[in-house]
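Visitor: Handing over target-v5.cif, mmCIF, C-alpha atoms and all ligand atoms.
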```cif
data_model
loop_
_atom_site.label_atom_id
_atom_site.label_comp_id
_atom_site.auth_asym_id
_atom_site.auth_seq_id
_atom_site.Cartn_x
_atom_site.Cartn_y
_atom_site.Cartn_z
CA MET A 1 9.94 -4.04 -13.02
CA GLN A 2 11.42 -1.49 -15.34
CA ALA A 3 14.65 0.03 -14.05
CA THR A 4 14.82 3.80 -13.84
CA LYS A 5 17.91 5.99 -13.70
CA PHE A 6 18.41 6.76 -10.02
CA ILE A 7 17.78 5.40 -6.57
CA TRP A 8 18.05 7.62 -3.53
CA GLN A 9 20.30 5.92 -1.01
CA GLN A 10 21.45 7.42 2.27
CA GLY A 11 20.95 11.02 1.21
CA LYS A 12 21.92 11.01 -2.43
CA LEU A 13 20.74 9.88 -5.84
CA ILE A 14 22.96 7.21 -7.30
CA PRO A 15 22.68 5.08 -10.46
CA TRP A 16 20.01 2.33 -10.12
CA GLN A 17 22.54 -0.52 -10.51
CA ASP A 18 24.83 0.87 -7.79
CA ALA A 19 22.17 0.82 -5.06
CA THR A 20 23.29 -2.30 -3.18
CA THR A 21 23.81 -3.43 0.39
CA HIS A 22 25.76 -6.05 2.35
CA VAL A 23 24.41 -9.64 2.44
CA LEU A 24 24.70 -9.57 6.22
CA ALA A 25 22.25 -6.70 6.55
CA HIS A 26 20.06 -7.34 9.61
CA GLY A 27 16.84 -6.62 7.72
CA LEU A 28 17.61 -9.26 5.12
CA HIS A 29 17.90 -11.94 7.80
CA TYR A 30 15.12 -10.97 10.20
CA GLY A 31 12.65 -8.88 8.18
CA SER A 32 13.53 -5.85 10.34
CA ALA A 33 12.60 -3.31 7.71
CA VAL A 34 9.65 -1.05 7.00
CA PHE A 35 8.41 0.28 3.70
CA GLU A 36 5.78 2.22 1.83
CA GLY A 37 4.11 1.86 -1.52
CA ILE A 38 3.05 5.12 -3.11
CA ARG A 39 1.65 5.91 -6.54
CA PHE A 40 2.22 8.93 -8.70
CA TYR A 41 0.04 9.86 -11.63
CA LYS A 42 0.08 11.93 -14.77
CA THR A 43 -2.26 14.87 -14.36
CA LYS A 44 -3.35 17.37 -17.02
CA ASP A 45 -0.32 19.62 -16.46
CA ASP A 46 2.29 17.57 -14.68
CA THR A 47 2.99 14.51 -12.55
CA ALA A 48 1.68 14.33 -8.99
CA ILE A 49 2.22 12.03 -6.01
CA PHE A 50 -0.95 10.88 -4.25
CA LYS A 51 -1.17 11.40 -0.48
CA LEU A 52 2.56 11.69 0.06
CA THR A 53 2.19 13.23 3.54
CA GLU A 54 0.03 10.29 4.71
CA HIS A 55 2.53 7.76 3.36
CA VAL A 56 5.49 9.54 4.97
CA ASP A 57 3.56 9.65 8.26
CA ARG A 58 2.87 5.90 8.12
CA PHE A 59 6.51 5.26 7.16
CA PHE A 60 7.70 7.07 10.27
CA TYR A 61 5.05 5.36 12.41
CA SER A 62 6.39 1.98 11.22
CA THR A 63 10.02 2.94 11.86
CA LYS A 64 9.09 4.05 15.36
CA GLN A 65 7.43 0.71 16.11
CA LEU A 66 10.71 -1.02 15.20
CA ALA A 67 12.63 1.53 17.30
CA MET A 68 14.64 2.66 14.29
CA PRO A 69 16.63 5.79 14.95
CA MET A 70 15.82 7.80 11.83
CA PRO A 71 18.75 9.73 10.40
CA TYR A 72 16.35 11.96 8.42
CA SER A 73 13.31 14.07 9.29
CA LYS A 74 9.85 13.59 7.77
CA LYS A 75 10.43 16.71 5.68
CA GLN A 76 13.75 15.38 4.37
CA ILE A 77 12.16 12.06 3.36
CA PHE A 78 9.19 13.87 1.79
CA ASP A 79 11.58 16.06 -0.23
CA ALA A 80 13.79 13.08 -1.13
CA ILE A 81 10.76 11.24 -2.55
CA VAL A 82 9.83 14.25 -4.69
CA GLU A 83 13.46 14.55 -5.81
CA THR A 84 13.62 10.84 -6.74
CA VAL A 85 10.48 11.02 -8.88
CA ALA A 86 11.61 14.28 -10.51
CA ALA A 87 15.11 12.99 -11.30
CA ASN A 88 13.83 9.80 -12.91
CA GLU A 89 11.48 11.67 -15.23
CA VAL A 90 8.81 8.99 -15.12
CA GLU A 91 5.27 10.25 -15.75
CA SER A 92 3.43 7.77 -13.59
CA GLY A 93 4.28 4.80 -11.46
CA TYR A 94 5.10 3.48 -8.04
CA ILE A 95 7.46 4.66 -5.31
CA ARG A 96 9.11 2.38 -2.78
CA PRO A 97 10.74 3.95 0.29
CA LEU A 98 12.43 1.32 2.49
CA ALA A 99 14.16 1.68 5.85
CA PHE A 100 16.06 -1.35 7.09
CA TYR A 101 18.45 -2.36 9.79
CA GLY A 102 21.70 -2.73 7.95
CA TYR A 103 25.05 -4.41 8.25
CA GLY A 104 26.60 -4.21 11.68
CA TRP A 105 26.23 -7.04 14.10
CA MET A 106 24.01 -10.12 13.80
CA LYS A 107 22.44 -9.93 17.25
CA LEU A 108 18.65 -10.29 16.97
CA VAL A 109 17.70 -7.17 18.88
CA PRO A 110 19.08 -4.13 17.06
CA ASP A 111 21.26 -1.78 19.04
CA ALA A 112 23.65 1.09 18.44
CA ASN A 113 25.80 -1.21 16.29
CA THR A 114 22.96 -1.86 13.86
CA PRO A 115 22.76 1.06 11.42
CA VAL A 116 19.55 2.13 9.74
CA GLU A 117 19.73 2.40 5.96
CA ILE A 118 17.16 4.14 3.81
CA ILE A 119 16.50 3.93 0.11
CA ILE A 120 13.84 5.37 -2.19
CA ALA A 121 13.20 3.93 -5.63
CA CYS A 122 10.51 4.55 -8.22
CA TRP A 123 9.52 2.90 -11.47
CA PRO A 124 6.72 2.94 -14.03
CA TRP A 125 3.86 0.70 -12.97
CA GLY A 126 0.49 0.15 -14.58
CA LYS A 127 -2.26 -2.14 -13.33
CA TYR A 128 -1.24 -4.51 -10.53
CA ILE A 129 -3.82 -7.15 -11.43
CA ALA A 130 -4.82 -7.43 -15.08
CA GLN A 131 -8.45 -8.42 -14.48
CA ASP A 132 -11.20 -5.79 -14.23
CA ALA A 133 -12.90 -7.85 -11.52
CA ILE A 134 -11.34 -10.67 -9.53
CA ASP A 135 -12.16 -14.04 -8.02
CA MET A 136 -11.02 -14.52 -4.42
CA ALA A 137 -10.64 -17.44 -2.05
CA THR A 138 -10.63 -17.36 1.73
CA SER A 139 -7.16 -18.32 2.93
CA SER A 140 -6.43 -20.97 5.54
CA TYR A 141 -3.78 -18.53 6.82
CA ILE A 142 -5.14 -15.93 9.21
CA ARG A 143 -4.01 -12.32 9.23
CA ILE A 144 -1.11 -11.56 11.64
CA HIS A 145 -2.44 -11.13 15.17
CA PRO A 146 -2.16 -7.71 16.84
CA LYS A 147 -0.92 -9.41 20.00
CA SER A 148 1.94 -11.00 18.04
CA THR A 149 3.13 -7.87 16.28
CA VAL A 150 2.18 -4.29 15.51
CA ALA A 151 -0.34 -5.24 12.85
CA ASN A 152 -0.93 -1.70 11.60
CA ALA A 153 2.75 -1.00 10.91
CA LYS A 154 4.07 -1.74 7.43
CA ILE A 155 6.89 -4.02 8.56
CA SER A 156 8.62 -6.15 5.90
CA GLY A 157 8.57 -9.33 8.02
CA HIS A 158 4.76 -9.19 8.12
CA TYR A 159 4.65 -9.89 4.41
CA VAL A 160 5.57 -13.55 4.87
CA ASN A 161 1.93 -13.88 5.99
CA SER A 162 0.78 -12.32 2.70
CA ILE A 163 3.28 -14.32 0.61
CA LEU A 164 2.13 -17.64 2.11
CA ALA A 165 -1.51 -16.75 1.45
CA GLY A 166 -0.55 -15.82 -2.12
CA LEU A 167 1.46 -19.01 -2.69
CA ALA A 168 -1.50 -21.11 -1.53
CA ILE A 169 -3.64 -19.80 -4.41
CA LYS A 170 -0.91 -19.86 -7.02
CA ASN A 171 -1.92 -21.99 -10.02
CA THR A 172 -5.56 -21.91 -8.93
CA PRO A 173 -8.29 -19.84 -10.65
CA TYR A 174 -8.21 -17.32 -7.78
CA HIS A 175 -6.53 -13.94 -8.13
CA GLU A 176 -6.36 -12.89 -4.49
CA ALA A 177 -6.63 -14.37 -1.00
CA LEU A 178 -8.96 -13.12 1.74
CA LEU A 179 -7.47 -13.34 5.21
CA LEU A 180 -9.68 -13.63 8.28
CA ASP A 181 -8.57 -12.67 11.77
CA ALA A 182 -8.05 -15.11 14.64
CA GLU A 183 -11.73 -14.82 15.58
CA GLY A 184 -12.98 -15.50 12.08
CA TYR A 185 -13.86 -11.92 11.17
CA VAL A 186 -12.90 -10.55 7.78
CA ALA A 187 -9.54 -8.74 7.92
CA GLU A 188 -8.16 -7.93 4.47
CA ALA A 189 -6.55 -9.32 1.33
CA SER A 190 -2.83 -10.04 1.02
CA SER A 191 -1.95 -6.42 0.29
CA SER A 192 -5.22 -4.50 0.17
CA ASN A 193 -8.28 -3.65 2.25
CA ILE A 194 -11.81 -4.81 1.54
CA PHE A 195 -15.17 -3.05 1.28
CA ILE A 196 -18.61 -4.53 0.69
CA VAL A 197 -21.82 -2.80 -0.38
CA LYS A 198 -25.20 -3.70 1.10
CA ASN A 199 -28.40 -1.82 0.34
CA GLY A 200 -26.45 1.11 -1.04
CA ALA A 201 -24.16 1.46 2.00
CA LEU A 202 -20.46 0.67 2.33
CA ILE A 203 -19.08 -1.60 5.05
CA THR A 204 -15.39 -2.16 5.79
CA PRO A 205 -13.61 -4.00 8.62
CA ALA A 206 -12.83 -1.79 11.60
CA VAL A 207 -9.19 -1.13 12.49
CA GLY A 208 -7.51 -3.63 14.80
CA THR A 209 -5.93 -6.36 12.73
CA ILE A 210 -5.68 -4.60 9.38
CA LEU A 211 -3.11 -2.35 7.82
CA GLU A 212 -4.89 1.01 7.81
CA GLY A 213 -4.68 1.70 4.11
CA VAL A 214 -4.26 5.16 2.67
CA THR A 215 -6.64 4.13 -0.12
CA ARG A 216 -9.13 2.83 2.48
CA ALA A 217 -9.01 6.24 4.18
CA THR A 218 -9.58 7.88 0.80
CA VAL A 219 -12.70 5.77 0.16
CA ILE A 220 -13.98 6.76 3.61
CA GLU A 221 -13.41 10.44 2.70
CA ILE A 222 -15.10 9.95 -0.68
CA ALA A 223 -18.13 8.36 1.03
CA LYS A 224 -18.38 11.28 3.45
CA HIS A 225 -17.95 13.93 0.77
CA TYR A 226 -20.33 12.37 -1.74
CA GLY A 227 -22.95 11.27 0.81
CA ILE A 228 -22.59 7.49 0.66
CA ALA A 229 -23.35 5.74 3.97
CA LEU A 230 -20.38 3.85 5.44
CA THR A 231 -19.74 1.76 8.56
CA GLU A 232 -16.46 0.46 9.92
CA THR A 233 -17.31 -2.72 11.80
CA LYS A 234 -16.52 -6.38 12.35
CA PHE A 235 -18.23 -8.74 9.95
CA ILE A 236 -17.89 -12.37 8.92
CA ARG A 237 -17.22 -13.91 5.52
CA ASP A 238 -20.88 -14.86 5.01
CA GLU A 239 -21.65 -11.13 4.74
CA ILE A 240 -19.47 -11.01 1.63
CA TYR A 241 -21.33 -13.94 0.03
CA THR A 242 -24.59 -12.02 0.41
CA ALA A 243 -23.23 -8.55 -0.40
CA ASP A 244 -24.49 -6.62 -3.43
CA GLU A 245 -20.97 -5.56 -4.37
CA ALA A 246 -17.43 -5.89 -3.04
CA PHE A 247 -14.07 -4.36 -3.89
CA LEU A 248 -10.47 -4.15 -2.73
CA THR A 249 -8.56 -0.94 -2.11
CA GLY A 250 -4.83 -0.36 -2.09
CA THR A 251 -2.09 1.72 -3.63
CA ALA A 252 -1.18 -1.11 -6.00
CA VAL A 253 -4.69 -2.40 -6.83
CA GLU A 254 -6.38 1.03 -6.55
CA ILE A 255 -10.15 0.21 -6.55
CA LEU A 256 -10.52 -3.39 -7.67
CA PRO A 257 -13.99 -5.00 -7.99
CA ILE A 258 -14.45 -8.53 -6.61
CA LYS A 259 -16.55 -10.89 -8.72
CA SER A 260 -16.64 -13.89 -6.42
CA LEU A 261 -15.41 -15.27 -3.12
CA ASP A 262 -14.97 -19.04 -2.65
CA ASP A 263 -16.79 -19.56 -5.97
CA ARG A 264 -19.85 -17.68 -4.70
CA ILE A 265 -20.79 -14.92 -7.14
CA ILE A 266 -21.17 -11.56 -5.39
CA GLY A 267 -24.32 -9.63 -6.39
CA THR A 268 -24.83 -9.88 -10.14
CA GLY A 269 -21.19 -10.80 -10.75
CA LYS A 270 -20.82 -7.51 -12.65
CA VAL A 271 -19.17 -4.34 -11.38
CA GLY A 272 -21.92 -2.67 -9.33
CA PRO A 273 -23.01 0.99 -9.38
CA ILE A 274 -21.45 2.03 -6.04
CA THR A 275 -18.11 0.40 -6.90
CA LYS A 276 -18.21 2.09 -10.30
CA LYS A 277 -18.99 5.45 -8.71
CA ILE A 278 -16.20 5.17 -6.12
CA ASN A 279 -13.74 4.10 -8.80
CA THR A 280 -14.65 7.00 -11.09
CA ILE A 281 -14.28 9.50 -8.24
CA PHE A 282 -11.00 7.92 -7.10
CA GLN A 283 -9.52 8.08 -10.60
CA ALA A 284 -10.59 11.72 -10.91
CA ILE A 285 -8.94 12.55 -7.58
CA VAL A 286 -5.59 10.91 -8.34
CA HIS A 287 -5.47 12.51 -11.78
CA GLY A 288 -6.09 15.96 -10.32
CA GLU A 289 -9.61 16.34 -11.70
CA ASP A 290 -11.52 16.69 -8.43
CA PRO A 291 -11.08 20.16 -6.93
CA ALA A 292 -12.43 19.04 -3.54
CA PHE A 293 -9.45 16.67 -3.17
CA LYS A 294 -6.69 18.72 -4.76
CA GLN A 295 -4.75 18.90 -1.49
CA THR A 296 -4.12 15.14 -1.74
CA LEU A 297 -1.61 15.69 -4.57
CA THR A 298 2.02 16.77 -4.41
CA HIS A 299 2.96 18.14 -7.82
CA ILE A 300 6.38 17.45 -9.30
CA PRO A 301 7.98 20.50 -10.86
CA PRO A 302 8.26 19.99 -14.64
CA LYS A 303 11.71 19.43 -16.14
CA GLY A 304 13.65 22.65 -16.47
CA ALA A 305 11.78 24.36 -13.63
CA ASN A 306 13.84 25.57 -10.72
CA ARG A 307 13.73 22.54 -8.41
N1 LIG B 401 -3.17 -4.11 3.63
C1 LIG B 401 -1.92 -4.54 3.40
C2 LIG B 401 -1.41 -5.74 4.15
C3 LIG B 401 -1.09 -3.85 2.49
O1 LIG B 401 0.14 -4.28 2.25
C4 LIG B 401 -1.59 -2.72 1.82
C5 LIG B 401 -0.73 -1.99 0.84
N2 LIG B 401 0.04 -1.00 1.47
C6 LIG B 401 -2.91 -2.31 2.09
C7 LIG B 401 -3.67 -3.03 3.01
C8 LIG B 401 -3.49 -1.09 1.43
O2 LIG B 401 -2.87 0.06 1.93
P1 LIG B 401 -2.69 1.37 1.03
O3 LIG B 401 -4.04 1.75 0.58
O4 LIG B 401 -2.09 2.36 1.95
O5 LIG B 401 -1.81 1.00 -0.10
#
```
Could I get this file's structure written as structure tokens?
Ligand code: PMP

Guide:
Amino acid sequence: MQATKFIWQQGKLIPWQDATTHVLAHGLHYGSAVFEGIRFYKTKDDTAIFKLTEHVDRFFYSTKQLAMPMPYSKKQIFDAIVETVAANEVESGYIRPLAFYGYGWMKLVPDANTPVEIIIACWPWGKYIAQDAIDMATSSYIRIHPKSTVANAKISGHYVNSILAGLAIKNTPYHEALLLDAEGYVAEASSSNIFIVKNGALITPAVGTILEGVTRATVIEIAKHYGIALTETKFIRDEIYTADEAFLTGTAVEILPIKSLDDRIIGTGKVGPITKKINTIFQAIVHGEDPAFKQTLTHIPPKGANR
């Protein structure tokens, strides 16, 4: 990760290296933190953040599920994210807002003595996975169960599930893990959602156990706008083996074609036409080249403009 100049911490921008916290912060011990991952892109005229409102909404949804009293409003966090990107003068990259229970008292259940701390950082970030199409393996770990936690909140502690699935394929030929749910239906990858293509139509797991991705929602909007059939439904892993195409979606991975699952080549093993089409449209949207989706971008005022 390349350091940038400033991190927003508790209401103000401070030098990157000064943004620290106490080692007895509650969130560090119990995973009682929530976060977002947001991308910003270079457009023809400026830099723009993709779907900032949706990310701020999900951020607040997650904080609410952990009963975090938020010291800032949605508008203040939205503005702080814009300010952080503008101040760092990075053309494109990734933004990480994090809210965590801080240093107070070590009791497990947070109370009035457990403060909430918020930071926002951003840094330049290119491709998350170097490959143009990836090989996946079904994990022996299942996706976190919605009766064990709030599976659609982006809670830091949840990511131990993703980390374990990732560690299990480390030093293997596989680039990503596929997690099934407790009933054996396809859920998602370690930090992205999955789509398959069959007979020209898109299929993606219905909500329930998954994190409801902002990129997933964008693909659903693209399908609607450009007339591609799409169903949100439960399906099993065997449907992926016999799919014509498959891809992952996520802020980090964007639209990432899947070449194989469990050594079974999907379709022709090449990036298929629907995946290619969705990817082209997605890239046009995030770079401000699709007028139908221009409301998805929050433009950063150029340097020198009255911010
Ligand atoms: N699932 C999980 C578990 C994730 O961490 C992410 C990344 N936020 C996604 C799906 C994709 O969500 P989004 O498109 O909002 O990045």

Visitor: Any idea what the distance is between CA of Ile95 (chain A) and CA of Phe40 (chain A)?

Guide: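 Atom-to-atom, CA of Ile95 (chain A) and CA of Phe40 (chain A) are spaced 7.6 Å apart.
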
Visitor: With only C-alpha atoms counted, which protein, DNA or RNA residues have an atom no more than 12 Å from (-8.2, -6.5, 15.2) in the file frame? Please answer as an MDAnalysis selection string.

Guide: chainID A and resid 142:152 180:188 205:212 233:235

Visitor: Distance limit 6 Å, reference ligand LIG 401 (chain B), atoms considered: all atoms listed in the file. Which residues make the cut? Give them as a PyMOL selection string.

Guide: chain A and resi 37+190-193+211+213-216+249-251

Visitor: CA of Asp244 (chain A) and CA of Thr268 (chain A) are how many Å apart?

Guide: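 Going from CA of Asp244 (chain A) over to CA of Thr268 (chain A) covers 7.5 Å.
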
Visitor: Can you tell me, as a VMD selection string, which residues sit within 10 Å of (-3.5, -19.9, 6.1) in the file's frame, using all atoms listed in the file?

Guide: chain A and resid 138 to 143 161 to 162 164 to 166 168 177 to 180

Visitor: Might you pull out every residue within 6 Å of Leu230 (chain A), with only C-alpha atoms counted and same-chain residues fewer than 2 positions away left off, and present them as an NGL selection string?

Guide: :A and (201-203)

Visitor: From the list A:Ser73, A:Gln9, A:Thr4, A:Ser32, which residue is nearest Glu91 (chain A) when using all atoms listed in the file?

Guide: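 Looking at the shortest contact to Glu91 (chain A), the residue is A:Thr4.
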
Visitor: Assuming 4 Å of padding per side, give the centre and edge lengths of the axis-aligned box around every listed atom of region 41-47 of chain A, in Å to one decimal and as JSON.

Guide:
```
{"center_x": -0.2, "center_y": 14.7, "center_z": -14.3, "size_x": 14.3, "size_y": 17.8, "size_z": 13.4}
```

Visitor: Please report the interatomic distance between CA of Thr231 (chain A) and CA of Glu254 (chain A) in Å with one decimal.

Guide: 20.2 Å

Visitor: My list of candidates is A:Glu176, A:Asp79, A:Glu89, A:Asp132. Which is closest to Thr275 (chain A) when distances are computed with all atoms listed in the file?

Guide: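 The shortest atom-to-atom distance to Thr275 (chain A) comes from A:Asp132.
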
Visitor: Kindly indicate which residue among A:Ile285, A:Ile258, A:Met70, A:Ala292 lies nearest to Ala137 (chain A), using only C-alpha atoms for the distances.

Guide: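 Using only C-alpha atoms, Ala137 (chain A) sits closest to A:Ile258.
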
Visitor: Which residues are near region 75-77 of chain A? Cut-off 10 Å, all atoms listed in the file, ignore same chain within fewer than 6 positions. Put them as a list in words.

Guide: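 Close residues of region 75-77 of chain A: Gly11, Thr53, Val56, Phe59, Phe60, Glu83, Pro97, Ile118, Ile119 and Ile120 of chain A.
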
Visitor: Let me make sure I understand: among A:Ile265, A:Ile129, A:Ala246, A:Ile49, which one has the smallest atom-to-atom distance to Gly93 (chain A) if we use all atoms listed in the file?

Guide: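 Of A:Ile265, A:Ile129, A:Ala246, A:Ile49, the one nearest Gly93 (chain A), counting all atoms listed in the file, is A:Ile49.
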
Visitor: From the options A:Tyr101, A:Tyr61, A:Tyr226, A:Tyr94, which residue's atoms come nearest to Asp290 (chain A), counting only C-alpha atoms?

Guide: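 Among A:Tyr101, A:Tyr61, A:Tyr226, A:Tyr94, it is A:Tyr226 that comes nearest to Asp290 (chain A).
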
Visitor: Residues near Val82 (chain A), anyone? I mean within 9 Å using all atoms listed in the file, not counting same-chain ones fewer than 3 positions away, as a short mmCIF file (atom, residue, chain, number, x, y, z; two decimals) with C-alpha atoms, keeping the file's coordinate frame.

Guide:
```
data_model
loop_
_atom_site.label_atom_id
_atom_site.label_comp_id
_atom_site.auth_asym_id
_atom_site.auth_seq_id
_atom_site.Cartn_x
_atom_site.Cartn_y
_atom_site.Cartn_z
CA ILE A 49 2.22 12.03 -6.01
CA ILE A 77 12.16 12.06 3.36
CA PHE A 78 9.19 13.87 1.79
CA ASP A 79 11.58 16.06 -0.23
CA VAL A 85 10.48 11.02 -8.88
CA ALA A 86 11.61 14.28 -10.51
CA ALA A 87 15.11 12.99 -11.30
CA THR A 298 2.02 16.77 -4.41
CA HIS A 299 2.96 18.14 -7.82
CA ILE A 300 6.38 17.45 -9.30
CA PRO A 301 7.98 20.50 -10.86
#
```
